[in-house]
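Here the structure is laid out as structure tokens; the discussion comes afterwards.
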Amino acid sequence: SITILVDLPVNNDPTQFFDPYTGATGHSFLQLTKTSGSQSVTQFMGFTAANALSAITSPGPVSGKVVDNAGHKFNASLRVPVSADEFTSAINKMQSQASAKYDIVNYNCVDFALGVINSARGNYPLIINKYPLPNEPTPMSTPEALYNLIQSMARPGGPEAGNTNIGSV
């Protein structure tokens, strides 16, 4: 299975794009679980700027990297059961994007995580609304938009409601 997780800058408040008290901007990352019989291996991975300060101060793309996000808190998640071929497709997508340039507006952690999980979802991609931030005219993918999508999918009776989790973890 592949799970997309989202960490809001202000816990359980998807209206806030930034936490002025902690400096948090939110994050999105993935949980990949491979199971064979009774054995299971899980890894948490996310995409970020190689240097966080440069991502904020640089006017353009900066070096990016895939990082271990084990232990990272999250506020919502969506688990996607996948076949072995779909899992391989997601791993291939992750490897092809592992050295991509990080751009807080045009290609950030949310874009990376959505690209990987959508490579396995086939005809059912996750599509979020992009939001413009203050002083930034270009709408961008944000953890808040991803949280809102997962929250809408969590409504009782929805086809993916059983695979969603809302709340601080």
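Each chain in the structure tokens gets a letter, A, B and so on, in the order shown; residues start at 1 in every chain, and ligands are counted from 1 in the order they appear.
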So that I can check the surroundings of Ile104 (chain A), please list as JSON, numbers by chain every protein, DNA and RNA residue that reaches within 12 Å of it, counting only C-alpha atoms and ignoring chain neighbours fewer than 5 positions away. {"A": [25, 26, 27, 47, 48, 49, 52, 53, 54, 55, 56, 57, 58, 59, 60, 61, 62, 63, 64, 109, 110, 111, 112, 132, 133, 136, 138, 139, 140, 141, 142, 143]}
Rank A:Val82, A:Ala50, A:Leu126, A:Ile150 by their smallest atom-to-atom distance to Val6 (chain A), using only C-alpha atoms, and report the top residue only.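 Closest to Val6 (chain A) of all the choices is A:Ile150.
We find CA of Thr35 (chain A) and CA of Thr88 (chain A) to be spaced 13.1 Å apart.
Residue nearest Ser1 (chain A) within the list A:Asn108, A:Thr15, A:Ser36, A:Ser28: A:Ser36 [criterion: smallest interatomic distance, only C-alpha atoms].
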Neighbour list for Thr33 (chain A) as a PDB file with all heavy atoms, in the first residue's frame, cut-off 9 Å, only C-alpha atoms, skip fewer than 4 positions in-chain:
```pdb
ATOM      1  N   SER A   1       0.848  -1.189   0.000  1.00  0.00           N
ATOM      2  CA  SER A   1       0.000   0.000   0.000  1.00  0.00           C
ATOM      3  C   SER A   1       0.884   1.240   0.000  1.00  0.00           C
ATOM      4  O   SER A   1       2.052   1.193   0.385  1.00  0.00           O
ATOM      5  CB  SER A   1      -0.925   0.015   1.220  1.00  0.00           C
ATOM      6  OG  SER A   1      -0.179   0.171   2.404  1.00  0.00           O
ATOM      7  N   ILE A   2       0.296   2.317  -0.464  1.00  0.00           N
ATOM      8  CA  ILE A   2       0.964   3.618  -0.430  1.00  0.00           C
ATOM      9  C   ILE A   2       0.012   4.563   0.282  1.00  0.00           C
ATOM     10  O   ILE A   2      -1.166   4.626  -0.042  1.00  0.00           O
ATOM     11  CB  ILE A   2       1.272   4.135  -1.848  1.00  0.00           C
ATOM     12  CG1 ILE A   2       2.124   3.122  -2.602  1.00  0.00           C
ATOM     13  CG2 ILE A   2       1.950   5.490  -1.784  1.00  0.00           C
ATOM     14  CD1 ILE A   2       2.294   3.438  -4.071  1.00  0.00           C
ATOM     15  N   THR A   3       0.542   5.266   1.252  1.00  0.00           N
ATOM     16  CA  THR A   3      -0.263   6.215   2.009  1.00  0.00           C
ATOM     17  C   THR A   3       0.342   7.599   1.842  1.00  0.00           C
ATOM     18  O   THR A   3       1.550   7.778   1.979  1.00  0.00           O
ATOM     19  CB  THR A   3      -0.301   5.834   3.504  1.00  0.00           C
ATOM     20  OG1 THR A   3      -0.801   4.500   3.626  1.00  0.00           O
ATOM     21  CG2 THR A   3      -1.176   6.782   4.298  1.00  0.00           C
ATOM     22  N   SER A  40       6.233  -7.746   6.586  1.00  0.00           N
ATOM     23  CA  SER A  40       5.863  -6.434   6.078  1.00  0.00           C
ATOM     24  C   SER A  40       6.997  -5.449   6.364  1.00  0.00           C
ATOM     25  O   SER A  40       7.597  -5.482   7.435  1.00  0.00           O
ATOM     26  CB  SER A  40       4.569  -5.969   6.764  1.00  0.00           C
ATOM     27  OG  SER A  40       4.155  -4.752   6.242  1.00  0.00           O
ATOM     28  N   VAL A  41       7.267  -4.591   5.395  1.00  0.00           N
ATOM     29  CA  VAL A  41       8.287  -3.554   5.544  1.00  0.00           C
ATOM     30  C   VAL A  41       7.633  -2.220   5.216  1.00  0.00           C
ATOM     31  O   VAL A  41       6.941  -2.093   4.204  1.00  0.00           O
ATOM     32  CB  VAL A  41       9.480  -3.803   4.593  1.00  0.00           C
ATOM     33  CG1 VAL A  41      10.480  -2.658   4.671  1.00  0.00           C
ATOM     34  CG2 VAL A  41      10.144  -5.133   4.898  1.00  0.00           C
ATOM     35  N   THR A  42       7.854  -1.233   6.071  1.00  0.00           N
ATOM     36  CA  THR A  42       7.279   0.097   5.869  1.00  0.00           C
ATOM     37  C   THR A  42       8.378   1.139   5.917  1.00  0.00           C
ATOM     38  O   THR A  42       9.271   1.068   6.762  1.00  0.00           O
ATOM     39  CB  THR A  42       6.231   0.414   6.957  1.00  0.00           C
ATOM     40  OG1 THR A  42       5.157  -0.531   6.837  1.00  0.00           O
ATOM     41  CG2 THR A  42       5.678   1.816   6.801  1.00  0.00           C
ATOM     42  N   GLN A  43       8.296   2.102   5.007  1.00  0.00           N
ATOM     43  CA  GLN A  43       9.241   3.215   5.011  1.00  0.00           C
ATOM     44  C   GLN A  43       8.469   4.503   4.742  1.00  0.00           C
ATOM     45  O   GLN A  43       7.539   4.531   3.940  1.00  0.00           O
ATOM     46  CB  GLN A  43      10.322   3.019   3.955  1.00  0.00           C
ATOM     47  CG  GLN A  43      11.409   4.060   4.057  1.00  0.00           C
ATOM     48  CD  GLN A  43      12.681   3.644   3.349  1.00  0.00           C
ATOM     49  OE1 GLN A  43      12.749   2.624   2.692  1.00  0.00           O
ATOM     50  NE2 GLN A  43      13.702   4.464   3.495  1.00  0.00           N
ATOM     51  N   PHE A  44       8.878   5.570   5.422  1.00  0.00           N
ATOM     52  CA  PHE A  44       8.276   6.891   5.263  1.00  0.00           C
ATOM     53  C   PHE A  44       9.277   7.773   4.515  1.00  0.00           C
ATOM     54  O   PHE A  44      10.427   7.890   4.929  1.00  0.00           O
ATOM     55  CB  PHE A  44       7.976   7.518   6.627  1.00  0.00           C
ATOM     56  CG  PHE A  44       6.927   6.782   7.401  1.00  0.00           C
ATOM     57  CD1 PHE A  44       7.249   5.679   8.180  1.00  0.00           C
ATOM     58  CD2 PHE A  44       5.607   7.194   7.356  1.00  0.00           C
ATOM     59  CE1 PHE A  44       6.285   5.002   8.903  1.00  0.00           C
ATOM     60  CE2 PHE A  44       4.629   6.520   8.071  1.00  0.00           C
ATOM     61  CZ  PHE A  44       4.969   5.426   8.843  1.00  0.00           C
TER      62      PHE A  44
END
```
Between A:Tyr124, A:Phe29, A:Tyr107, A:Phe18, which is the closest to Phe74 (chain A) once you count only C-alpha atoms?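 For Phe74 (chain A), the nearest of the candidates is A:Phe29.
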From a DSSP pass on the backbone, collect the residues of region 61-97 of chain A flagged as strand (DSSP E or B) and hand them back as a PyMOL selection string. chain A and resi 62-68+76-80
Keeping only all heavy atoms, take the residues you just selected and write them out as a PDB file, in the first residue's frame.
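File result_28.pdb, as written:
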```
ATOM      1  N   VAL A  62      15.774  25.127  -6.193  1.00  0.00           N
ATOM      2  CA  VAL A  62      17.006  24.787  -5.484  1.00  0.00           C
ATOM      3  C   VAL A  62      17.147  23.267  -5.468  1.00  0.00           C
ATOM      4  O   VAL A  62      16.214  22.546  -5.820  1.00  0.00           O
ATOM      5  CB  VAL A  62      17.008  25.349  -4.036  1.00  0.00           C
ATOM      6  CG1 VAL A  62      16.900  26.869  -4.036  1.00  0.00           C
ATOM      7  CG2 VAL A  62      15.868  24.750  -3.219  1.00  0.00           C
ATOM      8  N   SER A  63      18.284  22.781  -5.057  1.00  0.00           N
ATOM      9  CA  SER A  63      18.486  21.332  -4.978  1.00  0.00           C
ATOM     10  C   SER A  63      17.472  20.718  -4.033  1.00  0.00           C
ATOM     11  O   SER A  63      17.184  21.271  -2.972  1.00  0.00           O
ATOM     12  CB  SER A  63      19.899  21.022  -4.488  1.00  0.00           C
ATOM     13  OG  SER A  63      20.840  21.464  -5.419  1.00  0.00           O
ATOM     14  N   GLY A  64      16.931  19.571  -4.440  1.00  0.00           N
ATOM     15  CA  GLY A  64      15.974  18.855  -3.608  1.00  0.00           C
ATOM     16  C   GLY A  64      16.533  17.509  -3.206  1.00  0.00           C
ATOM     17  O   GLY A  64      17.545  17.058  -3.743  1.00  0.00           O
ATOM     18  N   LYS A  65      15.868  16.873  -2.251  1.00  0.00           N
ATOM     19  CA  LYS A  65      16.301  15.545  -1.823  1.00  0.00           C
ATOM     20  C   LYS A  65      15.131  14.786  -1.220  1.00  0.00           C
ATOM     21  O   LYS A  65      14.189  15.373  -0.684  1.00  0.00           O
ATOM     22  CB  LYS A  65      17.440  15.634  -0.811  1.00  0.00           C
ATOM     23  CG  LYS A  65      17.050  16.320   0.500  1.00  0.00           C
ATOM     24  CD  LYS A  65      18.229  16.393   1.454  1.00  0.00           C
ATOM     25  CE  LYS A  65      17.822  17.101   2.743  1.00  0.00           C
ATOM     26  NZ  LYS A  65      18.910  17.151   3.708  1.00  0.00           N
ATOM     27  N   VAL A  66      15.194  13.463  -1.325  1.00  0.00           N
ATOM     28  CA  VAL A  66      14.232  12.584  -0.677  1.00  0.00           C
ATOM     29  C   VAL A  66      14.795  12.251   0.691  1.00  0.00           C
ATOM     30  O   VAL A  66      15.979  11.936   0.829  1.00  0.00           O
ATOM     31  CB  VAL A  66      14.005  11.303  -1.509  1.00  0.00           C
ATOM     32  CG1 VAL A  66      13.117  10.324  -0.772  1.00  0.00           C
ATOM     33  CG2 VAL A  66      13.389  11.668  -2.857  1.00  0.00           C
ATOM     34  N   VAL A  67      13.948  12.368   1.716  1.00  0.00           N
ATOM     35  CA  VAL A  67      14.408  12.163   3.094  1.00  0.00           C
ATOM     36  C   VAL A  67      13.539  11.133   3.815  1.00  0.00           C
ATOM     37  O   VAL A  67      12.404  10.878   3.432  1.00  0.00           O
ATOM     38  CB  VAL A  67      14.398  13.488   3.891  1.00  0.00           C
ATOM     39  CG1 VAL A  67      15.388  14.486   3.303  1.00  0.00           C
ATOM     40  CG2 VAL A  67      13.011  14.103   3.926  1.00  0.00           C
ATOM     41  N   ASP A  68      14.099  10.574   4.862  1.00  0.00           N
ATOM     42  CA  ASP A  68      13.391   9.642   5.735  1.00  0.00           C
ATOM     43  C   ASP A  68      12.472  10.465   6.638  1.00  0.00           C
ATOM     44  O   ASP A  68      12.934  11.315   7.378  1.00  0.00           O
ATOM     45  CB  ASP A  68      14.411   8.860   6.559  1.00  0.00           C
ATOM     46  CG  ASP A  68      13.778   7.846   7.496  1.00  0.00           C
ATOM     47  OD1 ASP A  68      12.538   7.828   7.635  1.00  0.00           O
ATOM     48  OD2 ASP A  68      14.538   7.073   8.095  1.00  0.00           O
ATOM     49  N   ALA A  76      -3.575  14.144   8.612  1.00  0.00           N
ATOM     50  CA  ALA A  76      -4.515  13.401   7.767  1.00  0.00           C
ATOM     51  C   ALA A  76      -3.716  12.452   6.886  1.00  0.00           C
ATOM     52  O   ALA A  76      -2.547  12.710   6.572  1.00  0.00           O
ATOM     53  CB  ALA A  76      -5.337  14.343   6.897  1.00  0.00           C
ATOM     54  N   SER A  77      -4.383  11.359   6.500  1.00  0.00           N
ATOM     55  CA  SER A  77      -3.732  10.420   5.601  1.00  0.00           C
ATOM     56  C   SER A  77      -4.770   9.714   4.744  1.00  0.00           C
ATOM     57  O   SER A  77      -5.937   9.600   5.115  1.00  0.00           O
ATOM     58  CB  SER A  77      -2.921   9.382   6.385  1.00  0.00           C
ATOM     59  OG  SER A  77      -3.780   8.567   7.165  1.00  0.00           O
ATOM     60  N   LEU A  78      -4.320   9.248   3.606  1.00  0.00           N
ATOM     61  CA  LEU A  78      -5.131   8.440   2.703  1.00  0.00           C
ATOM     62  C   LEU A  78      -4.289   7.251   2.285  1.00  0.00           C
ATOM     63  O   LEU A  78      -3.222   7.418   1.686  1.00  0.00           O
ATOM     64  CB  LEU A  78      -5.556   9.232   1.464  1.00  0.00           C
ATOM     65  CG  LEU A  78      -6.240   8.403   0.365  1.00  0.00           C
ATOM     66  CD1 LEU A  78      -7.597   7.880   0.840  1.00  0.00           C
ATOM     67  CD2 LEU A  78      -6.368   9.212  -0.907  1.00  0.00           C
ATOM     68  N   ARG A  79      -4.768   6.056   2.599  1.00  0.00           N
ATOM     69  CA  ARG A  79      -4.076   4.813   2.256  1.00  0.00           C
ATOM     70  C   ARG A  79      -4.659   4.284   0.952  1.00  0.00           C
ATOM     71  O   ARG A  79      -5.880   4.218   0.780  1.00  0.00           O
ATOM     72  CB  ARG A  79      -4.277   3.782   3.365  1.00  0.00           C
ATOM     73  CG  ARG A  79      -3.596   2.466   3.110  1.00  0.00           C
ATOM     74  CD  ARG A  79      -3.881   1.493   4.272  1.00  0.00           C
ATOM     75  NE  ARG A  79      -3.487   0.156   3.911  1.00  0.00           N
ATOM     76  CZ  ARG A  79      -4.231  -0.706   3.236  1.00  0.00           C
ATOM     77  NH1 ARG A  79      -5.445  -0.389   2.858  1.00  0.00           N
ATOM     78  NH2 ARG A  79      -3.774  -1.911   2.946  1.00  0.00           N
ATOM     79  N   VAL A  80      -3.765   3.905   0.035  1.00  0.00           N
ATOM     80  CA  VAL A  80      -4.177   3.375  -1.253  1.00  0.00           C
ATOM     81  C   VAL A  80      -3.631   1.950  -1.388  1.00  0.00           C
ATOM     82  O   VAL A  80      -2.417   1.767  -1.504  1.00  0.00           O
ATOM     83  CB  VAL A  80      -3.651   4.257  -2.413  1.00  0.00           C
ATOM     84  CG1 VAL A  80      -4.048   3.672  -3.757  1.00  0.00           C
ATOM     85  CG2 VAL A  80      -4.155   5.682  -2.263  1.00  0.00           C
TER      86      VAL A  80
END
```
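Considering only C-alpha atoms, the residue among A:Leu32, A:Ala84, A:Leu146, A:Leu114 positioned nearest to Gln97 (chain A) is A:Leu114.
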I want to know what sits within 10 Å of Ser89 (chain A), based on only C-alpha atoms, with residues of the same chain fewer than 2 positions away left out; could you give that as a PyMOL selection string? chain A and resi 83-87+91-95+116-122
Serialized selection, N, CA and C atoms, as a PDB file, in the first residue's frame:
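Produced file out-v5.pdb, reproduced below:
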```
ATOM      1  N   SER A  83      -1.479  -2.915  -6.317  1.00  0.00           N
ATOM      2  CA  SER A  83      -0.932  -4.190  -6.782  1.00  0.00           C
ATOM      3  C   SER A  83       0.595  -4.083  -6.782  1.00  0.00           C
ATOM      4  N   ALA A  84       1.261  -5.203  -7.028  1.00  0.00           N
ATOM      5  CA  ALA A  84       2.724  -5.197  -7.110  1.00  0.00           C
ATOM      6  C   ALA A  84       3.193  -4.291  -8.255  1.00  0.00           C
ATOM      7  N   ASP A  85       2.490  -4.320  -9.394  1.00  0.00           N
ATOM      8  CA  ASP A  85       2.871  -3.461 -10.526  1.00  0.00           C
ATOM      9  C   ASP A  85       2.669  -1.988 -10.201  1.00  0.00           C
ATOM     10  N   GLU A  86       1.592  -1.653  -9.518  1.00  0.00           N
ATOM     11  CA  GLU A  86       1.336  -0.260  -9.144  1.00  0.00           C
ATOM     12  C   GLU A  86       2.374   0.214  -8.127  1.00  0.00           C
ATOM     13  N   PHE A  87       2.751  -0.666  -7.205  1.00  0.00           N
ATOM     14  CA  PHE A  87       3.782  -0.329  -6.221  1.00  0.00           C
ATOM     15  C   PHE A  87       5.104  -0.049  -6.942  1.00  0.00           C
ATOM     16  N   ILE A  91       7.436   3.374  -7.037  1.00  0.00           N
ATOM     17  CA  ILE A  91       8.871   3.385  -6.713  1.00  0.00           C
ATOM     18  C   ILE A  91       9.665   3.979  -7.876  1.00  0.00           C
ATOM     19  N   ASN A  92       9.326   3.595  -9.098  1.00  0.00           N
ATOM     20  CA  ASN A  92      10.016   4.142 -10.271  1.00  0.00           C
ATOM     21  C   ASN A  92       9.820   5.648 -10.379  1.00  0.00           C
ATOM     22  N   LYS A  93       8.612   6.109 -10.112  1.00  0.00           N
ATOM     23  CA  LYS A  93       8.332   7.552 -10.151  1.00  0.00           C
ATOM     24  C   LYS A  93       9.148   8.269  -9.079  1.00  0.00           C
ATOM     25  N   MET A  94       9.199   7.693  -7.877  1.00  0.00           N
ATOM     26  CA  MET A  94       9.958   8.302  -6.793  1.00  0.00           C
ATOM     27  C   MET A  94      11.441   8.392  -7.164  1.00  0.00           C
ATOM     28  N   GLN A  95      11.981   7.322  -7.719  1.00  0.00           N
ATOM     29  CA  GLN A  95      13.396   7.325  -8.111  1.00  0.00           C
ATOM     30  C   GLN A  95      13.671   8.342  -9.203  1.00  0.00           C
ATOM     31  N   VAL A 116       3.909  10.754  -7.006  1.00  0.00           N
ATOM     32  CA  VAL A 116       4.218   9.351  -6.729  1.00  0.00           C
ATOM     33  C   VAL A 116       2.937   8.546  -6.536  1.00  0.00           C
ATOM     34  N   ILE A 117       2.038   9.023  -5.693  1.00  0.00           N
ATOM     35  CA  ILE A 117       0.827   8.241  -5.423  1.00  0.00           C
ATOM     36  C   ILE A 117      -0.063   8.173  -6.659  1.00  0.00           C
ATOM     37  N   ASN A 118      -0.103   9.244  -7.441  1.00  0.00           N
ATOM     38  CA  ASN A 118      -0.924   9.223  -8.655  1.00  0.00           C
ATOM     39  C   ASN A 118      -0.365   8.287  -9.720  1.00  0.00           C
ATOM     40  N   SER A 119       0.936   8.037  -9.693  1.00  0.00           N
ATOM     41  CA  SER A 119       1.517   7.093 -10.648  1.00  0.00           C
ATOM     42  C   SER A 119       0.979   5.682 -10.394  1.00  0.00           C
ATOM     43  N   ALA A 120       0.516   5.426  -9.169  1.00  0.00           N
ATOM     44  CA  ALA A 120      -0.048   4.119  -8.827  1.00  0.00           C
ATOM     45  C   ALA A 120      -1.575   4.102  -8.899  1.00  0.00           C
ATOM     46  N   ARG A 121      -2.212   5.262  -8.887  1.00  0.00           N
ATOM     47  CA  ARG A 121      -3.684   5.317  -8.876  1.00  0.00           C
ATOM     48  C   ARG A 121      -4.290   5.220 -10.277  1.00  0.00           C
ATOM     49  N   GLY A 122      -3.489   5.315 -11.308  1.00  0.00           N
ATOM     50  CA  GLY A 122      -3.993   5.155 -12.670  1.00  0.00           C
ATOM     51  C   GLY A 122      -5.049   6.170 -13.040  1.00  0.00           C
TER      52      GLY A 122
END
```
Show which residues sit within 8 Å of Ala24 (chain A), as a ChimeraX atom specification. Count only C-alpha atoms, and ignore same-chain residues fewer than 3 positions away. /A:9-10,18-20
Using DSSP assignments from the backbone, pull out every residue in region 71-117 of chain A that falls under alpha helix (DSSP H) and give it to me as JSON, numbers by chain. {"A": [84, 85, 86, 87, 88, 89, 90, 91, 92, 93, 94, 95, 96, 97, 109, 110, 111, 112, 113, 114, 115, 116, 117]}
One decimal, Å: what's the distance from CA of Asn69 (chain A) over to CA of Met45 (chain A), could you say? 5.1 Å
For Ala145 (chain A), list every protein, DNA or RNA residue within 7 Å, evaluated using only C-alpha atoms, and leave out those in the same chain fewer than 4 positions away; present the list as a list in words. Ile128, Asn129, Lys130, Ser141 and Leu149 of chain A
Measuring atom to atom with only C-alpha atoms, identify which of A:Lys34, A:Tyr131, A:Ala70, A:Ala154 is nearest to Phe17 (chain A).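 Selected residue with least distance to Phe17 (chain A): A:Tyr131.
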